[in-house]
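Asks: Okay, so here is structure.cif, and as you'll see once you scroll down, it has mmCIF, C-alpha atoms.
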```
data_input
loop_
_atom_site.label_atom_id
_atom_site.label_comp_id
_atom_site.auth_asym_id
_atom_site.auth_seq_id
_atom_site.Cartn_x
_atom_site.Cartn_y
_atom_site.Cartn_z
CA SER A 277 0.00 0.00 0.00
CA SER A 278 1.02 3.64 -0.29
CA ARG A 279 1.22 3.87 3.53
CA PHE A 280 3.59 0.89 3.54
CA ARG A 281 5.74 2.50 0.87
CA ARG A 282 5.90 5.76 2.83
CA CYS A 283 7.21 3.88 5.87
CA PHE A 284 9.86 2.07 3.87
CA GLY A 285 12.43 3.80 1.70
CA PRO A 286 13.44 2.41 -1.69
CA THR A 287 16.30 0.35 -0.29
CA ARG A 288 14.16 -1.26 2.44
CA MET A 289 11.39 -1.90 -0.10
CA ARG A 290 13.81 -3.80 -2.35
CA GLU A 291 15.12 -5.77 0.64
CA ALA A 292 11.56 -6.61 1.69
CA HIS A 293 10.62 -7.85 -1.79
CA LEU A 294 13.81 -9.87 -2.01
CA GLY A 295 13.09 -11.51 1.35
CA ILE A 296 9.48 -12.25 0.41
CA GLY A 297 10.52 -13.68 -2.96
CA ARG A 298 13.12 -15.96 -1.41
CA TRP A 299 10.70 -17.10 1.30
CA LEU A 300 8.01 -17.91 -1.28
CA ALA A 301 10.53 -19.80 -3.41
CA ASP A 302 12.03 -21.78 -0.52
CA SER A 303 8.68 -22.63 1.07
CA GLY A 304 6.87 -23.42 -2.17
CA SER A 305 4.09 -21.09 -1.10
CA GLY A 306 3.97 -18.83 -4.15
CA SER A 307 3.32 -19.14 -7.84
CA ALA A 308 6.07 -18.55 -10.38
CA ALA A 309 4.54 -15.20 -11.30
CA GLU A 310 4.41 -14.05 -7.67
CA ILE A 311 7.98 -15.06 -6.93
CA VAL A 312 9.40 -13.46 -10.04
CA HIS A 313 7.32 -10.33 -9.42
CA HIS A 314 8.94 -9.88 -6.00
CA PHE A 315 12.42 -10.54 -7.38
CA GLU A 316 11.83 -7.97 -10.12
CA LEU A 317 10.66 -5.36 -7.59
CA ALA A 318 13.83 -6.15 -5.66
CA ASP A 319 15.86 -5.49 -8.83
CA SER A 320 17.20 -9.03 -8.46
CA LEU A 321 16.82 -10.54 -11.90
CA ASP A 322 19.57 -13.05 -11.10
CA ASP A 323 17.35 -14.53 -8.38
CA ALA A 324 14.35 -14.57 -10.71
CA TYR A 325 16.32 -16.20 -13.50
CA GLY A 326 18.08 -18.77 -11.34
CA TRP A 327 14.95 -19.78 -9.48
CA ALA A 328 12.76 -20.10 -12.58
CA LYS A 329 15.42 -22.09 -14.46
CA ALA A 330 15.86 -24.53 -11.55
CA ALA A 331 12.09 -24.88 -11.20
CA ALA A 332 11.77 -25.53 -14.95
CA GLU A 333 14.39 -28.27 -14.89
CA ALA A 334 12.82 -29.94 -11.86
CA ALA A 335 9.36 -29.87 -13.45
CA ARG A 336 10.72 -31.19 -16.74
CA ASP A 337 12.55 -34.07 -15.08
CA SER A 338 9.41 -35.04 -13.15
CA GLY A 339 7.34 -35.10 -16.35
CA ALA A 340 5.33 -31.95 -15.58
CA LEU A 341 6.00 -30.48 -19.02
CA VAL A 342 3.27 -27.81 -19.00
CA GLU A 343 4.63 -26.37 -15.76
CA ALA A 344 8.21 -26.72 -17.03
CA LEU A 345 7.39 -24.69 -20.13
CA ASP A 346 5.81 -21.98 -17.98
CA PHE A 347 8.94 -21.79 -15.81
CA TYR A 348 11.25 -21.65 -18.83
CA GLU A 349 9.26 -18.74 -20.21
CA VAL A 350 9.51 -16.98 -16.85
CA ALA A 351 13.29 -17.56 -16.87
CA LEU A 352 13.51 -16.11 -20.36
CA GLU A 353 11.61 -13.01 -19.30
CA ALA A 354 13.96 -12.57 -16.36
CA SER A 355 17.14 -13.16 -18.37
CA GLU A 356 18.90 -10.28 -20.04
CA GLY A 357 17.07 -9.70 -23.31
CA GLY A 358 15.61 -13.22 -23.27
CA SER A 359 18.64 -14.29 -25.27
CA ASP A 360 19.79 -17.55 -23.65
CA PRO A 361 19.73 -20.02 -26.59
CA ASP A 362 19.71 -23.09 -24.33
CA LEU A 363 16.60 -21.90 -22.50
CA ILE A 364 14.89 -20.91 -25.73
CA ALA A 365 15.65 -24.28 -27.32
CA GLU A 366 14.40 -26.22 -24.30
CA ALA A 367 11.18 -24.21 -24.36
CA GLY A 368 10.90 -25.04 -28.05
CA ARG A 369 11.49 -28.74 -27.46
CA LEU A 370 8.84 -28.86 -24.73
CA SER A 371 6.41 -27.01 -26.98
CA LEU A 372 6.80 -29.76 -29.57
CA LEU A 373 6.22 -32.46 -26.95
CA LEU A 374 3.05 -30.61 -25.94
CA CYS A 375 1.94 -30.60 -29.61
CA GLN A 376 2.35 -26.82 -29.95
CA ARG A 377 4.18 -27.15 -33.25
CA ASP A 378 4.14 -23.54 -34.48
CA LYS A 379 5.52 -22.29 -31.19
CA GLY A 380 8.15 -25.02 -31.05
CA ILE A 381 9.41 -24.32 -34.57
CA ARG A 382 9.59 -20.58 -33.86
CA LEU A 383 11.53 -21.02 -30.61
CA LEU A 384 13.99 -23.54 -32.03
CA LYS A 385 14.72 -21.25 -34.99
CA ARG A 386 15.29 -18.36 -32.58
CA ALA A 387 17.68 -20.50 -30.52
CA GLU A 388 19.61 -21.48 -33.65
CA ASP A 389 19.88 -17.84 -34.77
CA ILE A 390 21.10 -16.62 -31.38
CA GLY A 391 23.37 -19.61 -30.85
CA GLU A 392 24.88 -19.28 -34.32
CA GLY A 393 23.58 -22.65 -35.49
CA GLY A 394 22.86 -24.21 -32.12
CA ASN A 395 23.49 -27.83 -31.23
CA LEU A 396 22.56 -30.76 -33.43
CA THR A 397 19.51 -31.77 -31.41
CA TRP A 398 17.83 -28.38 -31.87
CA ARG A 399 18.38 -28.52 -35.61
CA ILE A 400 17.19 -32.13 -35.89
CA GLU A 401 13.99 -31.45 -33.99
CA ARG A 402 13.19 -28.30 -35.94
CA LEU A 403 13.67 -30.10 -39.29
CA ASP A 404 11.39 -32.89 -38.08
CA ALA A 405 8.69 -30.38 -37.09
CA LEU A 406 9.00 -28.51 -40.40
CA SER A 407 8.56 -31.80 -42.26
CA GLU A 408 5.53 -32.77 -40.18
CA ASP A 409 4.01 -29.34 -40.75
CA GLY A 410 4.53 -29.60 -44.51
CA ARG A 411 6.83 -26.56 -44.67
CA LEU A 412 9.82 -28.61 -45.85
CA SER A 413 9.82 -31.57 -48.24
CA HIS A 414 10.29 -34.91 -46.50
CA SER A 415 13.17 -35.87 -48.79
CA ILE A 416 15.13 -32.68 -48.10
CA ALA A 417 14.39 -32.82 -44.36
CA ALA A 418 15.52 -36.46 -44.15
CA GLU A 419 18.75 -35.72 -46.06
CA GLN A 420 19.60 -32.81 -43.79
CA VAL A 421 18.82 -34.78 -40.63
CA GLN A 422 20.87 -37.74 -41.83
CA ALA A 423 23.80 -35.37 -42.49
CA LEU A 424 23.50 -34.07 -38.92
CA ALA A 425 23.40 -37.64 -37.61
CA HIS A 426 26.62 -38.38 -39.52
CA GLU A 427 28.19 -35.22 -38.10
CA ALA A 428 27.27 -36.34 -34.58
CA ALA A 429 28.79 -39.79 -35.15
CA GLU A 430 32.01 -38.23 -36.46
CA SER A 431 32.30 -36.25 -33.22
CA GLY A 432 31.62 -39.33 -31.08
CA ASP A 433 28.11 -38.25 -30.05
CA TRP A 434 26.37 -41.58 -30.59
CA VAL A 435 23.23 -40.62 -28.69
CA GLY A 436 22.80 -37.61 -30.96
CA SER A 437 23.63 -39.66 -34.04
CA ILE A 438 21.06 -42.37 -33.29
CA HIS A 439 18.48 -39.73 -32.40
CA GLY A 440 19.10 -38.23 -35.82
CA MET A 441 18.76 -41.58 -37.59
CA GLU A 442 15.49 -42.31 -35.81
CA THR A 443 14.20 -38.87 -36.77
CA ALA A 444 15.21 -39.40 -40.40
CA ILE A 445 13.29 -42.69 -40.40
CA ARG A 446 10.21 -40.96 -38.97
CA ILE A 447 10.41 -38.33 -41.72
CA LEU A 448 10.80 -41.00 -44.41
CA GLU A 449 7.75 -42.81 -43.03
CA ARG A 450 5.74 -39.73 -43.96
CA ALA A 451 7.00 -40.06 -47.52
CA GLY A 452 6.48 -43.82 -47.61
CA ASP A 453 10.12 -44.35 -48.62
CA TRP A 454 10.55 -47.90 -47.31
CA GLU A 455 13.79 -48.52 -49.23
CA ARG A 456 15.64 -45.65 -47.56
CA ILE A 457 14.22 -46.62 -44.17
CA THR A 458 15.56 -50.15 -44.56
CA SER A 459 18.95 -48.72 -45.52
CA LEU A 460 19.05 -46.48 -42.43
CA LEU A 461 18.12 -49.39 -40.16
CA GLU A 462 21.10 -51.32 -41.53
CA ILE A 463 23.40 -48.37 -40.82
CA VAL A 464 22.11 -48.23 -37.23
CA GLY A 465 22.61 -51.99 -36.90
CA HIS A 466 26.25 -51.68 -37.93
CA SER A 467 26.92 -49.19 -35.11
CA ILE A 468 26.19 -51.69 -32.32
CA GLY A 469 28.64 -51.36 -29.44
CA LYS A 470 29.44 -47.70 -30.04
CA GLY A 471 28.60 -45.23 -27.28
CA GLY A 472 27.44 -45.78 -23.72
CA PRO A 473 24.23 -47.28 -22.32
CA ARG A 474 22.00 -44.41 -23.47
CA ALA A 475 23.22 -44.87 -27.03
CA GLU A 476 22.71 -48.63 -26.77
CA ILE A 477 19.13 -48.18 -25.53
CA ARG A 478 18.27 -45.74 -28.27
CA ARG A 479 19.88 -48.02 -30.86
CA GLY A 480 17.74 -50.95 -29.70
CA MET A 481 14.63 -48.79 -29.87
CA VAL A 482 15.42 -47.80 -33.46
CA LEU A 483 16.10 -51.39 -34.49
CA GLY A 484 12.74 -52.28 -32.93
CA LEU A 485 11.16 -50.43 -35.86
CA GLY A 486 12.33 -53.31 -38.04
CA MET A 487 9.22 -55.17 -36.87
CA VAL A 488 7.40 -53.58 -39.82
CA TYR A 489 10.41 -53.26 -42.14
CA GLY A 490 11.38 -56.84 -42.75
CA THR A 491 13.62 -57.71 -39.78
CA PRO A 492 11.15 -58.88 -37.08
CA GLY A 493 13.59 -61.24 -35.36
CA ARG A 494 16.26 -58.60 -34.86
CA ALA A 495 13.60 -56.03 -33.93
CA SER A 496 12.12 -58.25 -31.23
CA THR A 497 15.50 -58.99 -29.67
CA ALA A 498 16.67 -55.37 -29.87
CA ALA A 499 13.50 -53.95 -28.28
CA ARG A 500 13.65 -56.46 -25.42
CA GLU A 501 17.32 -55.74 -24.74
CA ALA A 502 16.80 -51.98 -24.90
CA TYR A 503 13.96 -52.10 -22.38
CA GLY A 504 15.89 -54.41 -20.04
CA LEU A 505 18.98 -52.18 -20.12
CA ALA A 506 16.88 -49.05 -19.60
CA LEU A 507 15.18 -50.55 -16.55
CA ARG A 508 18.53 -51.46 -15.01
CA ALA A 509 20.39 -48.25 -15.84
CA PHE A 510 17.72 -45.51 -15.83
CA PRO A 511 14.55 -46.91 -14.20
CA ASP A 512 12.75 -43.58 -13.72
CA SER A 513 13.75 -41.77 -16.88
CA GLU A 514 11.81 -40.59 -19.91
CA LEU A 515 14.11 -42.79 -22.00
CA THR A 516 12.92 -45.92 -20.18
CA ALA A 517 9.28 -44.97 -20.77
CA ARG A 518 10.03 -44.65 -24.48
CA ALA A 519 11.85 -47.98 -24.52
CA ALA A 520 8.81 -49.56 -22.85
CA HIS A 521 6.55 -48.03 -25.47
CA ARG A 522 8.66 -49.35 -28.33
CA LEU A 523 8.62 -52.83 -26.79
CA PHE A 524 4.83 -52.60 -26.36
CA VAL A 525 4.44 -51.94 -30.10
CA VAL A 526 6.72 -54.89 -30.91
CA LEU A 527 4.76 -57.20 -28.59
CA LEU A 528 1.51 -56.03 -30.18
CA SER A 529 2.88 -56.97 -33.60
CA GLU A 530 3.94 -60.38 -32.26
CA GLY A 531 0.67 -60.94 -30.43
CA THR A 532 2.58 -61.57 -27.18
CA VAL A 533 1.36 -58.71 -24.98
CA ASN A 534 -0.32 -61.22 -22.68
CA SER A 535 3.04 -62.77 -21.80
CA ASP A 536 4.63 -62.10 -18.42
CA LEU A 537 7.02 -59.60 -20.01
CA GLY A 538 4.17 -57.94 -21.89
CA ARG A 539 2.00 -57.44 -18.82
CA LYS A 540 4.94 -56.01 -16.83
CA CYS A 541 5.88 -53.71 -19.71
CA VAL A 542 2.31 -52.40 -20.10
CA SER A 543 1.95 -51.86 -16.35
CA PHE A 544 5.19 -49.88 -16.22
CA LEU A 545 4.27 -47.85 -19.29
CA GLU A 546 0.78 -47.00 -18.03
CA GLU A 547 2.24 -45.64 -14.79
CA ARG A 548 4.91 -43.61 -16.56
CA ALA A 549 2.50 -42.26 -19.19
CA ARG A 550 0.24 -40.91 -16.46
CA LEU A 551 3.17 -38.98 -14.99
CA THR A 552 4.63 -37.56 -18.19
CA GLY A 553 3.58 -34.35 -19.85
CA ASP A 554 4.58 -35.73 -23.27
CA LEU A 555 1.18 -35.72 -24.98
CA ARG A 556 2.33 -37.95 -27.81
CA LEU A 557 3.58 -40.64 -25.44
CA GLN A 558 0.35 -40.38 -23.47
CA TYR A 559 -1.75 -40.71 -26.60
CA SER A 560 0.28 -43.55 -28.13
CA THR A 561 0.12 -45.54 -24.90
CA LEU A 562 -3.66 -45.23 -24.79
CA ALA A 563 -4.07 -45.96 -28.52
CA ASN A 564 -1.95 -49.09 -28.30
CA ARG A 565 -3.85 -50.27 -25.24
CA ALA A 566 -7.06 -49.84 -27.25
CA VAL A 567 -5.60 -51.89 -30.13
CA TRP A 568 -4.59 -54.59 -27.65
CA HIS A 569 -8.16 -54.82 -26.34
CA LEU A 570 -9.52 -54.85 -29.89
CA ASP A 571 -7.25 -57.80 -30.65
CA THR A 572 -8.64 -59.69 -27.66
CA GLY A 573 -12.25 -58.84 -28.56
CA ASP A 574 -12.85 -56.32 -25.75
CA ILE A 575 -14.51 -53.79 -28.04
CA GLU A 576 -16.27 -51.80 -25.31
CA VAL A 577 -13.06 -51.44 -23.31
CA ALA A 578 -11.20 -50.31 -26.45
CA GLU A 579 -13.88 -47.72 -27.16
CA THR A 580 -13.64 -46.34 -23.62
CA ILE A 581 -9.85 -46.06 -23.87
CA LEU A 582 -10.09 -44.24 -27.20
CA ARG A 583 -12.38 -41.67 -25.57
CA GLU A 584 -9.62 -41.09 -22.98
CA ALA A 585 -7.11 -40.75 -25.82
CA GLU A 586 -9.27 -38.12 -27.49
CA LYS A 587 -8.99 -35.86 -24.45
CA VAL A 588 -5.19 -35.91 -24.79
CA VAL A 589 -4.98 -34.56 -28.34
CA VAL A 590 -8.21 -32.60 -28.79
CA ASP A 591 -7.57 -29.04 -30.04
CA SER A 592 -3.86 -29.80 -30.52
CA GLN A 593 -1.62 -29.75 -33.59
CA ALA A 594 -0.99 -33.50 -33.24
CA SER A 595 -2.34 -34.29 -36.71
CA ASN A 596 -0.99 -37.85 -36.94
CA GLU A 597 -2.44 -38.72 -33.54
CA ARG A 598 -5.83 -37.19 -34.34
CA GLN A 599 -5.94 -39.08 -37.61
CA ASN A 600 -4.96 -42.30 -35.87
CA LEU A 601 -7.71 -41.70 -33.31
CA ALA A 602 -10.37 -41.20 -35.99
CA THR A 603 -9.40 -44.33 -37.91
CA ASN A 604 -9.25 -46.46 -34.76
CA ARG A 605 -12.68 -45.22 -33.69
CA GLY A 606 -13.95 -46.07 -37.16
CA ASP A 607 -12.49 -49.56 -36.76
CA VAL A 608 -14.33 -49.99 -33.45
CA LEU A 609 -17.63 -49.02 -35.02
CA LEU A 610 -17.10 -51.39 -37.95
CA ARG A 611 -16.59 -54.23 -35.47
CA LYS A 612 -19.78 -53.18 -33.68
CA GLY A 613 -21.70 -53.45 -36.95
CA GLU A 614 -22.22 -49.69 -37.42
CA PRO A 615 -20.73 -48.98 -40.89
CA ALA A 616 -22.48 -45.62 -41.39
CA ALA A 617 -21.07 -44.24 -38.13
CA ALA A 618 -17.66 -45.74 -38.94
CA LEU A 619 -17.65 -43.98 -42.31
CA GLN A 620 -17.95 -40.60 -40.59
CA PHE A 621 -14.75 -41.25 -38.64
CA PHE A 622 -12.92 -42.50 -41.73
CA GLN A 623 -13.97 -39.33 -43.55
CA GLU A 624 -12.75 -37.25 -40.62
CA ALA A 625 -9.41 -39.07 -40.75
CA GLU A 626 -9.15 -38.53 -44.48
CA SER A 627 -9.77 -34.81 -43.98
CA LEU A 628 -6.73 -34.71 -41.68
CA ILE A 629 -4.40 -36.09 -44.33
CA ALA A 630 -1.68 -33.55 -45.02
CA GLY A 631 1.90 -33.38 -46.17
CA GLY A 632 3.10 -34.40 -42.72
CA THR A 633 0.98 -37.55 -42.57
CA ARG A 634 2.93 -40.79 -42.71
CA GLY A 635 2.56 -42.63 -45.97
CA PHE A 636 1.26 -45.84 -44.43
CA LEU A 637 -1.41 -43.90 -42.52
CA ARG A 638 -2.60 -42.26 -45.73
CA ASP A 639 -2.96 -45.65 -47.44
CA LEU A 640 -4.83 -47.19 -44.52
CA VAL A 641 -7.20 -44.28 -44.06
CA THR A 642 -8.16 -44.06 -47.72
CA GLY A 643 -8.70 -47.82 -47.63
CA GLY A 644 -10.99 -47.53 -44.61
CA VAL A 645 -8.67 -49.60 -42.44
CA SER A 646 -7.40 -48.82 -38.95
CA PRO A 647 -3.66 -48.07 -38.72
CA ARG A 648 -3.72 -50.23 -35.60
CA SER A 649 -1.00 -48.78 -33.41
CA MET A 650 1.21 -45.74 -33.05
CA GLY A 651 4.79 -46.91 -33.29
CA SER A 652 6.76 -43.87 -32.16
#
```
Just dump the structure as structure tokens.

Replies:
Amino acid sequence: SSRFRRCFGPTRMREAHLGIGRWLADSGSGSAAEIVHHFELADSLDDAYGWAKAAAEAARDSGALVEALDFYEVALEASEGGSDPDLIAEAGRLSLLLCQRDKGIRLLKRAEDIGEGGNLTWRIERLDALSEDGRLSHSIAAEQVQALAHEAAESGDWVGSIHGMETAIRILERAGDWERITSLLEIVGHSIGKGGPRAEIRRGMVLGLGMVYGTPGRASTAAREAYGLALRAFPDSELTARAAHRLFVVLLSEGTVNSDLGRKCVSFLEERARLTGDLRLQYSTLANRAVWHLDTGDIEVAETILREAEKVVVDSQASNERQNLATNRGDVLLRKGEPAAALQFFQEAESLIAGGTRGFLRDLVTGGVSPRSMGS
């Protein structure tokens, strides 16, 4: 109040705001906006920046991605000129995970410009998003990403290299270029043993894609080994959740989800998916559970799960997921003997076909067939 300000001079006011801000931050009693507001009134942008950045990293690591993005944006506002490329890029990456594609592309480009090119991961993820959005041809995007993957391998960054190869495969799926995908899988297979455990896990996850590209035996073994290693080395990480998801897709293809390993994998994945803010992982887990129940004849259960999945991606830019949802719901209605209702969902899915839609999804939708599961 004005009376309070009259009693305190400028110096004491700043000290009071600094004390309040630090108390709110330490006690967890205040919102990010409140804490930063007090730090700003105390002319202590370093406190505001440091606190918001730490809060963002903690939220991100716990899977609270919406909150993490909010904190990163607060940190950017508190930083000098909002020009920290690492913060900008992380905000961009989280935006993509939250299916806010336009925002993610914009932030990653800004990080690259400020960081004079940025690191390989930023560039790989932005090229992937541009391809999905139809702003860059799939062929050109895949070539550029593969070049970045090669650059990472040359520098000894095997995690970055395998991430790039997996991204290139995802881009080529949109183009339906099975020959180049098969070639990239062979390149990944020849790199076995290079890099540490994270690289080995990611490599096994990529090779797991071979389930639909002609190498099911190798894919099954690789996905199992990747999940086992991830559980031992990084039991609570996002990487382990992704390894579990890849194994789930492999087991679905094999028809072995009801095995002991399958039930344990699904249980672990369901728990992790509930905790993560990654909307695509949440959606894919639900969609694949629905497919599993369809395969076992539990049509009503599958329909209920698909309604849950709809809540995850509604009003988002997750075009592949929304298309997958529509085709799977059409499949459910066909099995229930309601072809007219099913047709409406297939038409909705067809309307979502765009340049970023994976080639195999386009073929299945136009054929009136469910694409079954989401593999990545």

Asks: Using only C-alpha atoms, which residues sit within 12 Å of region 536-538 of chain A once same-chain residues fewer than 5 positions away are excluded, as number ranges by chain?

Replies: A: 499-501, 503-504, 520-531, 543-545, 565, 568

Asks: With C-alpha atoms retained, could you export that selection as a PDB file, in the coordinates of the input?

Replies:
```pdb
ATOM      1  CA  ALA A 499      13.500 -53.950 -28.280  1.00  0.00           C
ATOM      2  CA  ARG A 500      13.650 -56.460 -25.420  1.00  0.00           C
ATOM      3  CA  GLU A 501      17.320 -55.740 -24.740  1.00  0.00           C
ATOM      4  CA  TYR A 503      13.960 -52.100 -22.380  1.00  0.00           C
ATOM      5  CA  GLY A 504      15.890 -54.410 -20.040  1.00  0.00           C
ATOM      6  CA  ALA A 520       8.810 -49.560 -22.850  1.00  0.00           C
ATOM      7  CA  HIS A 521       6.550 -48.030 -25.470  1.00  0.00           C
ATOM      8  CA  ARG A 522       8.660 -49.350 -28.330  1.00  0.00           C
ATOM      9  CA  LEU A 523       8.620 -52.830 -26.790  1.00  0.00           C
ATOM     10  CA  PHE A 524       4.830 -52.600 -26.360  1.00  0.00           C
ATOM     11  CA  VAL A 525       4.440 -51.940 -30.100  1.00  0.00           C
ATOM     12  CA  VAL A 526       6.720 -54.890 -30.910  1.00  0.00           C
ATOM     13  CA  LEU A 527       4.760 -57.200 -28.590  1.00  0.00           C
ATOM     14  CA  LEU A 528       1.510 -56.030 -30.180  1.00  0.00           C
ATOM     15  CA  SER A 529       2.880 -56.970 -33.600  1.00  0.00           C
ATOM     16  CA  GLU A 530       3.940 -60.380 -32.260  1.00  0.00           C
ATOM     17  CA  GLY A 531       0.670 -60.940 -30.430  1.00  0.00           C
ATOM     18  CA  SER A 543       1.950 -51.860 -16.350  1.00  0.00           C
ATOM     19  CA  PHE A 544       5.190 -49.880 -16.220  1.00  0.00           C
ATOM     20  CA  LEU A 545       4.270 -47.850 -19.290  1.00  0.00           C
ATOM     21  CA  ARG A 565      -3.850 -50.270 -25.240  1.00  0.00           C
ATOM     22  CA  TRP A 568      -4.590 -54.590 -27.650  1.00  0.00           C
TER      23      TRP A 568
END
```

Asks: Skip region 457-471 of chain A itself and residues of its chain fewer than 6 positions away, then list as a list in words all residues within 7 Å of it, counting only C-alpha atoms.

Replies: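 Contacts, with the query itself left out: Trp434, Met441, Ile445, Leu448, Arg479, Leu483 and Tyr489 of chain A.
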
Asks: Please report the interatomic distance between CA of Ala578 (chain A) and CA of Leu515 (chain A) in Å with one decimal.

Replies: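 Interatomic distance, CA of Ala578 (chain A) to CA of Leu515 (chain A): 26.8 Å.
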
Asks: Name every residue that the PyMOL selection byres ((chain A and resi 345-350) around 7) selects in this structure, writing the answer as number ranges by chain with chains first and numbers rising.

Replies: A: 308, 328-329, 331-332, 341-344, 351-354, 363, 367, 370

Asks: Mind giving me the straight-line distance from CA of Ala417 (chain A) to CA of Gln558 (chain A) in Å, one decimal?

Replies: 26.3 Å

Asks: Go ahead and compute the interatomic distance for CA of Leu374 (chain A) and CA of Val589 (chain A), in Å to one decimal.

Replies: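 For CA of Leu374 (chain A) relative to CA of Val589 (chain A), the distance reads 9.3 Å.
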
Asks: Quick one: of A:Ile447, A:Ile477, A:Ile581, A:Leu507, who's nearest to Thr561 (chain A), counting only C-alpha atoms?

Replies: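 Nearest to Thr561 (chain A): A:Ile581.
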
Asks: At a cut-off of 9 Å from (20.2, -35.8, -36.2) in the coordinates of the file, what residues are picked up using only C-alpha atoms, written as JSON, numbers by chain?

Replies: {"A": [396, 397, 398, 399, 400, 401, 420, 421, 422, 423, 424, 425, 426, 427, 428, 436, 437, 438, 439, 440, 441, 442, 443, 444]}

Asks: Which of these residues is nearest to Ala625 (chain A), using all atoms listed in the file: A:Gly553, A:Gly606, A:Gly295, A:Gly306?

Replies: A:Gly606

Asks: Just checking: using all atoms listed in the file, which residue out of A:Ser595, A:Ser535, A:Thr580, A:Ser338 ends up closest to Val608 (chain A)?

Replies: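 Of all the options, A:Thr580 lies closest to Val608 (chain A).
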
Asks: Which residues, written as a PDB file with C-alpha atoms, in the frame of the given file, have at least one atom at most 12 Å from Leu384 (chain A), with only C-alpha atoms counted and residues fewer than 4 positions away on the same chain left out?

Replies:
```
ATOM      1  CA  ASP A 360      19.790 -17.550 -23.650  1.00  0.00           C
ATOM      2  CA  PRO A 361      19.730 -20.020 -26.590  1.00  0.00           C
ATOM      3  CA  ASP A 362      19.710 -23.090 -24.330  1.00  0.00           C
ATOM      4  CA  LEU A 363      16.600 -21.900 -22.500  1.00  0.00           C
ATOM      5  CA  ILE A 364      14.890 -20.910 -25.730  1.00  0.00           C
ATOM      6  CA  ALA A 365      15.650 -24.280 -27.320  1.00  0.00           C
ATOM      7  CA  GLU A 366      14.400 -26.220 -24.300  1.00  0.00           C
ATOM      8  CA  ALA A 367      11.180 -24.210 -24.360  1.00  0.00           C
ATOM      9  CA  GLY A 368      10.900 -25.040 -28.050  1.00  0.00           C
ATOM     10  CA  ARG A 369      11.490 -28.740 -27.460  1.00  0.00           C
ATOM     11  CA  LEU A 370       8.840 -28.860 -24.730  1.00  0.00           C
ATOM     12  CA  SER A 371       6.410 -27.010 -26.980  1.00  0.00           C
ATOM     13  CA  LEU A 372       6.800 -29.760 -29.570  1.00  0.00           C
ATOM     14  CA  ARG A 377       4.180 -27.150 -33.250  1.00  0.00           C
ATOM     15  CA  ASP A 378       4.140 -23.540 -34.480  1.00  0.00           C
ATOM     16  CA  LYS A 379       5.520 -22.290 -31.190  1.00  0.00           C
ATOM     17  CA  GLY A 380       8.150 -25.020 -31.050  1.00  0.00           C
ATOM     18  CA  GLU A 388      19.610 -21.480 -33.650  1.00  0.00           C
ATOM     19  CA  ASP A 389      19.880 -17.840 -34.770  1.00  0.00           C
ATOM     20  CA  ILE A 390      21.100 -16.620 -31.380  1.00  0.00           C
ATOM     21  CA  GLY A 391      23.370 -19.610 -30.850  1.00  0.00           C
ATOM     22  CA  GLU A 392      24.880 -19.280 -34.320  1.00  0.00           C
ATOM     23  CA  GLY A 393      23.580 -22.650 -35.490  1.00  0.00           C
ATOM     24  CA  GLY A 394      22.860 -24.210 -32.120  1.00  0.00           C
ATOM     25  CA  ASN A 395      23.490 -27.830 -31.230  1.00  0.00           C
ATOM     26  CA  LEU A 396      22.560 -30.760 -33.430  1.00  0.00           C
ATOM     27  CA  THR A 397      19.510 -31.770 -31.410  1.00  0.00           C
ATOM     28  CA  TRP A 398      17.830 -28.380 -31.870  1.00  0.00           C
ATOM     29  CA  ARG A 399      18.380 -28.520 -35.610  1.00  0.00           C
ATOM     30  CA  ILE A 400      17.190 -32.130 -35.890  1.00  0.00           C
ATOM     31  CA  GLU A 401      13.990 -31.450 -33.990  1.00  0.00           C
ATOM     32  CA  ARG A 402      13.190 -28.300 -35.940  1.00  0.00           C
ATOM     33  CA  LEU A 403      13.670 -30.100 -39.290  1.00  0.00           C
ATOM     34  CA  ASP A 404      11.390 -32.890 -38.080  1.00  0.00           C
ATOM     35  CA  ALA A 405       8.690 -30.380 -37.090  1.00  0.00           C
ATOM     36  CA  LEU A 406       9.000 -28.510 -40.400  1.00  0.00           C
TER      37      LEU A 406
END
```

Asks: What's the 6 Å shell around region 613-624 of chain A, counting only C-alpha atoms, without same-chain residues fewer than 3 positions away, as a PDB file with C-alpha atoms, in the coordinates of the input?

Replies:
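Generated file (result04.pdb):
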```
ATOM      1  CA  ALA A 602     -10.370 -41.200 -35.990  1.00  0.00           C
ATOM      2  CA  THR A 603      -9.400 -44.330 -37.910  1.00  0.00           C
ATOM      3  CA  GLY A 606     -13.950 -46.070 -37.160  1.00  0.00           C
ATOM      4  CA  LEU A 609     -17.630 -49.020 -35.020  1.00  0.00           C
ATOM      5  CA  LEU A 610     -17.100 -51.390 -37.950  1.00  0.00           C
ATOM      6  CA  SER A 627      -9.770 -34.810 -43.980  1.00  0.00           C
TER       7      SER A 627
END
```

Asks: Let me know the residues the PyMOL selection byres ((chain A and resi 318) around 8) catches in the file above, as number ranges by chain.

Replies: A: 289-294, 314-317, 319-320

Asks: Restricting the calculation to all atoms listed in the file, which member of A:Arg386, A:Met481, A:Arg456, A:Ala519 is positioned closest to Ala418 (chain A)?

Replies: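 Closest to Ala418 (chain A), using all atoms listed in the file: A:Arg456.
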